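What follows is a single structure, written as C-alpha cells, with notes after it.
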Amino acid sequence: MTTSHAQPITELLDAETVQSIADEVWPSLVGDGEAFVPLPVAPPAEVVSAWVTISGPWNGAVVLTCAPATAEALTESVLMTRPPTVVDAEDVADALGELANVLGGNIKSVLPGPSALGLPRIGTAPPTGRLDDVRRIDGQWRGQSLTISVQGATGAPHTERNEVPQQ
Amino acid sequence: MRALVIDDSRAMRRIVGTILKDFGYEVREAGDGRQALDVLQEGFTPDLCCIDWNMPVMDGLQFVMAVRANPAYRQVTLMMVTTESETGQIVKALAAGAHEYLIKPFTADAMRDKLALLGLLPEGVSA
Amino acid sequence: MTLTATSFDWVRQLVHRESAIVLQPGKEYLVEARLLPMAQQRGLSGVSELVESVRKTPDPAVTRRIVEALTTNETSWFRDGDPFTSFTSTVLPQLLAARRPDERLQIWSAACSSGQEAYTLAMLLSDALPNAATRVSITATDLSQKMVERTRAGRFSQLEVNRGLPASMLVRHFTRAGNEWEIAPALRRMVTASECNLAAPLPRLGPFDVVYLRNVLIYFDLATKQQILGRVRQIMRPDGWLFLGAAETTLGVDDNWERVVLGRGSAYRPRKGA
C-alpha cells in the first residue's frame, strides 16, 4: 500500500464539514431550533465524554465532551422529559452516546471506507487537549461549553501522520 | 398500522416511536435484533420495522437477513434507520432485503416521505 | 452568544416580512448558528455586528442572504408522487409516440428550488430511456440566484437526500462528496439551470412539452396568476402538459386550459383553439 498520495484527514474533515454535520444532528436529535454554536466559552472544571470508535483505513474516535450538568440538560432535551421526570445516569449515557453515534456515523462517511463504527461509550476520561486531535471544535449549546473532537488512535499504524491511504 | 422500532438507544427508540405514534401507528420496541425476533415470534406482526444497524447481540443487518429467510414474515416492510451512510453499506442492506433506508439524523418530515414511498402512510396523514 | 435582543428582533421582523416565516422567541441560537459564518466571512466578530452593519448600510444582497440562511426550504424528491408516476406511465409514452426520434423533448422545472424536481425527472428519464441524455433536455429555473447555483452544482446534504428519495435511486445515481451527495455527471448534464422571475416577462425559453409549475401560483394574487399561466401557455407545445401543485388549479383562474385526470392527480393541457 502506498501512502505517497495520502490525503491528510484534516483536509477531509475540515471545521466546516464537522459543523455542517452538527447543524443537521442538533435540530433532529436535540430538538427543533436547537444548534451547536461554534463559539468557545470557558471550559468546565469537570467533564463527561461520550464517544464512538471508527476502525478501517483510518482508526480513531469521535468524542463529545461537556460538563455533567450540560450532559443532563442535553439528555432532557433529547428525551423530551418534562418536570418532575428526572433523568438518571443510564439516560445520560444513552442520550449522549447516541449523539456521539450519529455524529460519528456521519463523520465516518466522509472518510474513505469501508470502516466500522463501534458502539457508543461514555466516561470521564477527558480527551481534551490531546496532541493527536485531528479536528476539534470548541463550541457551546445553550451557552454551555461543548466540544466535538475527532481523534486519531495513538499507535495505530496508519495514523502516525494522521493520513488516510487512498484506495 | 403497527411498527416495531429496533434500536439499542432508548433515546432513539423514543424519537422514532413518537414520530410513528403521531402518524397513528401502534408501536412496540426492541433493544437489539434478537429481542426483535422474539417480539415477532410472540405473534406481533408489524407492517413496518425500523432497524438500527449497530446494536449488541444481533445487529440490524443480521436481523434483516433472519426476517427475509422466514416466509412467515414476507409482509413485513423493513427500513434501516441508522447513522451508517457509506454507499457500500446502503447497497449491502438493500441486497440483504431491506426495502428502504433512512439515514440518521432525520426529521419527522423525512420519515413521513419514506412512509409515503413505501405506501405505509396511514389514511388521513397528508403526504 | 453575541446576539442581542434588538438584533434578534430585527432579524425576526426581516424574515417575517420577506418569507412569512415566524421565528419564535427561543430561536436565538438558531439565528446565531446560521448567521455566524456570514458574519465571520465579513470579518465581523458576531451576528449582532452583522445586523448593525446591515442596518447602517442597507444592502439587498446581504438581507436576501440572511433570509435565505434562515429559511431552508427543504424540498422532497418525489414530492406528491402523482405528477411523477403519471409522467412515466402516461405523459412520456404519449410524447415519445407523437414526436420524431430526433426531436428532443423539452421539460421545464419552473421554480426549481435546489433542483430536486429537475433531477427526479432526470433519474426517471434515464431509467426509462436508454438515450435519455440526447432525447430529453430539462430546463430548471428559479428566482433565487443561490438556488440556481445549487441546482447547477447538483450537490445535496444528508438531510436533503433523506427527503423522499428512494434509497435504491440514491446509491444508483449519486456519489458521496464529503458529507454531501453529488448527482451523477450524466444526469447533471441533462439539466440546464438559469435565473427566471415568473412574475415578469419570460426570457426566450422552450417550446416545452412538459412544464412543472408546482406550489408557485399560491404565492401570487389572481391577476399575477393569470399573467403567469398566460406566459407559460405561450411557450408550451399545443399538445404539452402542465403539472401544478396539489392545492393549485387553473379552474376559475384561466379558462384556456383543459384539466385531465391522471391517476389520483391531474394535469392541464392548452385548450384547443384558445
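Identifiers for the C-alpha cells are assigned positionally: chains receive A, B, ... in sequence, residues are indexed from 1 per chain, and ligands are indexed from 1 in the order shown.
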
Q: Write out as a ChimeraX atom specification every residue belonging to chain B that has an atom at most 7 Å from any atom of chain C, counting only C-alpha atoms.
A: /B:87,91,100-103,106,110,113-114,117,127

File dump, residues just selected, N, CA and C atoms, as a PDB file, in the first residue's frame:
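The new file selection02.pdb reads:
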```
ATOM      1  N   THR B  87     -22.017   4.424   0.944  1.00  0.00           N
ATOM      2  CA  THR B  87     -22.773   3.855  -0.174  1.00  0.00           C
ATOM      3  C   THR B  87     -22.779   2.324  -0.116  1.00  0.00           C
ATOM      4  N   VAL B  91     -26.055  -0.277  -0.063  1.00  0.00           N
ATOM      5  CA  VAL B  91     -26.204  -1.336  -1.069  1.00  0.00           C
ATOM      6  C   VAL B  91     -26.327  -2.696  -0.380  1.00  0.00           C
ATOM      7  N   GLU B 100     -36.182  -0.012   2.465  1.00  0.00           N
ATOM      8  CA  GLU B 100     -35.809   1.401   2.431  1.00  0.00           C
ATOM      9  C   GLU B 100     -34.717   1.658   3.454  1.00  0.00           C
ATOM     10  N   TYR B 101     -34.208   2.882   3.412  1.00  0.00           N
ATOM     11  CA  TYR B 101     -33.047   3.230   4.221  1.00  0.00           C
ATOM     12  C   TYR B 101     -33.154   4.699   4.591  1.00  0.00           C
ATOM     13  N   LEU B 102     -33.264   4.972   5.876  1.00  0.00           N
ATOM     14  CA  LEU B 102     -33.349   6.361   6.351  1.00  0.00           C
ATOM     15  C   LEU B 102     -32.101   6.638   7.175  1.00  0.00           C
ATOM     16  N   ILE B 103     -31.392   7.702   6.805  1.00  0.00           N
ATOM     17  CA  ILE B 103     -30.121   7.987   7.456  1.00  0.00           C
ATOM     18  C   ILE B 103     -30.323   8.937   8.634  1.00  0.00           C
ATOM     19  N   PHE B 106     -32.471  12.473  11.027  1.00  0.00           N
ATOM     20  CA  PHE B 106     -33.576  12.687  10.096  1.00  0.00           C
ATOM     21  C   PHE B 106     -34.643  13.506  10.820  1.00  0.00           C
ATOM     22  N   ALA B 110     -38.920  13.712   6.994  1.00  0.00           N
ATOM     23  CA  ALA B 110     -38.195  12.702   6.222  1.00  0.00           C
ATOM     24  C   ALA B 110     -38.813  11.321   6.447  1.00  0.00           C
ATOM     25  N   ASP B 113     -41.992  11.174   4.427  1.00  0.00           N
ATOM     26  CA  ASP B 113     -41.703  10.967   2.997  1.00  0.00           C
ATOM     27  C   ASP B 113     -41.395   9.504   2.707  1.00  0.00           C
ATOM     28  N   LYS B 114     -40.600   8.870   3.582  1.00  0.00           N
ATOM     29  CA  LYS B 114     -40.236   7.456   3.358  1.00  0.00           C
ATOM     30  C   LYS B 114     -41.479   6.572   3.474  1.00  0.00           C
ATOM     31  N   LEU B 117     -43.411   6.798   0.349  1.00  0.00           N
ATOM     32  CA  LEU B 117     -42.799   5.993  -0.715  1.00  0.00           C
ATOM     33  C   LEU B 117     -43.175   4.521  -0.573  1.00  0.00           C
ATOM     34  N   ALA B 127     -49.476  13.657   2.853  1.00  0.00           N
ATOM     35  CA  ALA B 127     -48.121  13.407   2.364  1.00  0.00           C
ATOM     36  C   ALA B 127     -47.416  14.729   2.113  1.00  0.00           C
TER      37      ALA B 127
END
```

(Q) Set the cut-off to 7 Å and count only C-alpha atoms: what are the residues of chain A that reach chain B? Output as JSON, numbers by chain. (A) {"A": [24, 25, 28, 78, 79, 94, 95, 98, 102, 105, 106, 109, 119]}

Write a file of the selected residues as a PDB file, in the first residue's frame, keeping all heavy atoms.
```pdb
ATOM      1  N   GLU A  24     -26.947  19.445  11.292  1.00  0.00           N
ATOM      2  CA  GLU A  24     -28.048  18.539  10.950  1.00  0.00           C
ATOM      3  C   GLU A  24     -28.451  17.694  12.157  1.00  0.00           C
ATOM      4  O   GLU A  24     -29.610  17.332  12.313  1.00  0.00           O
ATOM      5  CB  GLU A  24     -27.635  17.633   9.783  1.00  0.00           C
ATOM      6  CG  GLU A  24     -27.307  18.414   8.522  1.00  0.00           C
ATOM      7  CD  GLU A  24     -27.248  17.554   7.266  1.00  0.00           C
ATOM      8  OE1 GLU A  24     -27.109  16.328   7.388  1.00  0.00           O
ATOM      9  OE2 GLU A  24     -27.353  18.122   6.168  1.00  0.00           O
ATOM     10  N   VAL A  25     -27.481  17.369  13.023  1.00  0.00           N
ATOM     11  CA  VAL A  25     -27.754  16.486  14.154  1.00  0.00           C
ATOM     12  C   VAL A  25     -28.566  17.214  15.230  1.00  0.00           C
ATOM     13  O   VAL A  25     -29.522  16.655  15.774  1.00  0.00           O
ATOM     14  CB  VAL A  25     -26.433  15.941  14.751  1.00  0.00           C
ATOM     15  CG1 VAL A  25     -26.693  15.208  16.069  1.00  0.00           C
ATOM     16  CG2 VAL A  25     -25.734  15.012  13.751  1.00  0.00           C
ATOM     17  N   SER A  28     -32.402  17.657  14.740  1.00  0.00           N
ATOM     18  CA  SER A  28     -33.058  16.360  14.642  1.00  0.00           C
ATOM     19  C   SER A  28     -33.109  15.631  15.980  1.00  0.00           C
ATOM     20  O   SER A  28     -34.135  15.074  16.350  1.00  0.00           O
ATOM     21  CB  SER A  28     -32.327  15.510  13.595  1.00  0.00           C
ATOM     22  OG  SER A  28     -32.677  14.159  13.725  1.00  0.00           O
ATOM     23  N   VAL A  78     -33.051  15.698  24.555  1.00  0.00           N
ATOM     24  CA  VAL A  78     -33.159  14.573  23.611  1.00  0.00           C
ATOM     25  C   VAL A  78     -34.368  13.699  23.964  1.00  0.00           C
ATOM     26  O   VAL A  78     -35.130  13.286  23.096  1.00  0.00           O
ATOM     27  CB  VAL A  78     -31.864  13.722  23.618  1.00  0.00           C
ATOM     28  CG1 VAL A  78     -32.064  12.411  22.865  1.00  0.00           C
ATOM     29  CG2 VAL A  78     -30.702  14.499  23.001  1.00  0.00           C
ATOM     30  N   LEU A  79     -34.544  13.422  25.254  1.00  0.00           N
ATOM     31  CA  LEU A  79     -35.625  12.535  25.697  1.00  0.00           C
ATOM     32  C   LEU A  79     -36.958  13.263  25.852  1.00  0.00           C
ATOM     33  O   LEU A  79     -37.973  12.643  26.149  1.00  0.00           O
ATOM     34  CB  LEU A  79     -35.261  11.861  27.021  1.00  0.00           C
ATOM     35  CG  LEU A  79     -34.140  10.811  26.957  1.00  0.00           C
ATOM     36  CD1 LEU A  79     -33.808  10.315  28.336  1.00  0.00           C
ATOM     37  CD2 LEU A  79     -34.525   9.650  26.051  1.00  0.00           C
ATOM     38  N   ASP A  94     -27.059   6.930  27.555  1.00  0.00           N
ATOM     39  CA  ASP A  94     -27.795   6.574  26.344  1.00  0.00           C
ATOM     40  C   ASP A  94     -27.906   7.754  25.375  1.00  0.00           C
ATOM     41  O   ASP A  94     -27.572   7.653  24.197  1.00  0.00           O
ATOM     42  CB  ASP A  94     -29.193   6.095  26.757  1.00  0.00           C
ATOM     43  CG  ASP A  94     -30.033   5.652  25.565  1.00  0.00           C
ATOM     44  OD1 ASP A  94     -30.548   6.517  24.842  1.00  0.00           O
ATOM     45  OD2 ASP A  94     -30.159   4.437  25.388  1.00  0.00           O
ATOM     46  N   ALA A  95     -28.353   8.897  25.886  1.00  0.00           N
ATOM     47  CA  ALA A  95     -28.610  10.050  25.019  1.00  0.00           C
ATOM     48  C   ALA A  95     -27.311  10.667  24.493  1.00  0.00           C
ATOM     49  O   ALA A  95     -27.182  10.945  23.295  1.00  0.00           O
ATOM     50  CB  ALA A  95     -29.426  11.094  25.768  1.00  0.00           C
ATOM     51  N   GLU A  98     -25.838   8.329  21.992  1.00  0.00           N
ATOM     52  CA  GLU A  98     -26.500   8.341  20.680  1.00  0.00           C
ATOM     53  C   GLU A  98     -26.096   9.587  19.882  1.00  0.00           C
ATOM     54  O   GLU A  98     -25.937   9.520  18.665  1.00  0.00           O
ATOM     55  CB  GLU A  98     -28.023   8.254  20.845  1.00  0.00           C
ATOM     56  CG  GLU A  98     -28.809   8.107  19.537  1.00  0.00           C
ATOM     57  CD  GLU A  98     -28.475   6.844  18.728  1.00  0.00           C
ATOM     58  OE1 GLU A  98     -27.829   5.921  19.269  1.00  0.00           O
ATOM     59  OE2 GLU A  98     -28.856   6.797  17.545  1.00  0.00           O
ATOM     60  N   VAL A 102     -24.420   9.296  16.221  1.00  0.00           N
ATOM     61  CA  VAL A 102     -24.910   9.895  14.977  1.00  0.00           C
ATOM     62  C   VAL A 102     -23.856  10.837  14.378  1.00  0.00           C
ATOM     63  O   VAL A 102     -23.629  10.847  13.165  1.00  0.00           O
ATOM     64  CB  VAL A 102     -26.260  10.608  15.200  1.00  0.00           C
ATOM     65  CG1 VAL A 102     -26.739  11.270  13.917  1.00  0.00           C
ATOM     66  CG2 VAL A 102     -27.313   9.611  15.687  1.00  0.00           C
ATOM     67  N   GLY A 105     -21.129   8.423  12.931  1.00  0.00           N
ATOM     68  CA  GLY A 105     -21.505   7.739  11.697  1.00  0.00           C
ATOM     69  C   GLY A 105     -21.397   8.660  10.498  1.00  0.00           C
ATOM     70  O   GLY A 105     -20.933   8.267   9.424  1.00  0.00           O
ATOM     71  N   ASN A 106     -21.819   9.902  10.666  1.00  0.00           N
ATOM     72  CA  ASN A 106     -21.760  10.855   9.559  1.00  0.00           C
ATOM     73  C   ASN A 106     -20.330  11.289   9.268  1.00  0.00           C
ATOM     74  O   ASN A 106     -19.950  11.501   8.117  1.00  0.00           O
ATOM     75  CB  ASN A 106     -22.655  12.064   9.846  1.00  0.00           C
ATOM     76  CG  ASN A 106     -24.122  11.758   9.588  1.00  0.00           C
ATOM     77  OD1 ASN A 106     -24.597  11.910   8.475  1.00  0.00           O
ATOM     78  ND2 ASN A 106     -24.827  11.261  10.589  1.00  0.00           N
ATOM     79  N   SER A 109     -18.589   8.627   7.267  1.00  0.00           N
ATOM     80  CA  SER A 109     -18.951   8.592   5.849  1.00  0.00           C
ATOM     81  C   SER A 109     -18.111   9.531   5.001  1.00  0.00           C
ATOM     82  O   SER A 109     -18.042   9.394   3.792  1.00  0.00           O
ATOM     83  CB  SER A 109     -20.422   8.973   5.673  1.00  0.00           C
ATOM     84  OG  SER A 109     -21.223   8.069   6.359  1.00  0.00           O
ATOM     85  N   LEU A 119     -19.768   0.619  19.176  1.00  0.00           N
ATOM     86  CA  LEU A 119     -20.941   1.040  19.955  1.00  0.00           C
ATOM     87  C   LEU A 119     -20.528   2.197  20.853  1.00  0.00           C
ATOM     88  O   LEU A 119     -19.382   2.295  21.268  1.00  0.00           O
ATOM     89  CB  LEU A 119     -21.469  -0.134  20.783  1.00  0.00           C
ATOM     90  CG  LEU A 119     -22.074  -1.293  19.981  1.00  0.00           C
ATOM     91  CD1 LEU A 119     -22.409  -2.467  20.894  1.00  0.00           C
ATOM     92  CD2 LEU A 119     -23.298  -0.854  19.195  1.00  0.00           C
TER      93      LEU A 119
END
```

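Within chain B, the backbone-based DSSP assignment of strand (DSSP E or B) covers Arg2, Ala3, Leu4, Val5, Ile6, Glu26, Val27, Arg28, Glu29, Ala30, Leu48, Cys49, Cys50, Ile51, Thr77, Leu78, Met79, Met80, Val81, Thr82, Glu100, Tyr101, Leu102 and Ile103 of chain B.
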
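For chain C, the residues within 8 Å of chain A are Met1, Gly26, Lys27, Tyr29, Leu30, Glu32, Ala33, Leu159, Arg176, Ala177, Gly178 and Asn179 of chain C, with only C-alpha atoms used to measure distance.
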
Q: Give me every alpha helix (DSSP H) residue in chain B, going by DSSP on the backbone, as a count of residues only.
A: 52
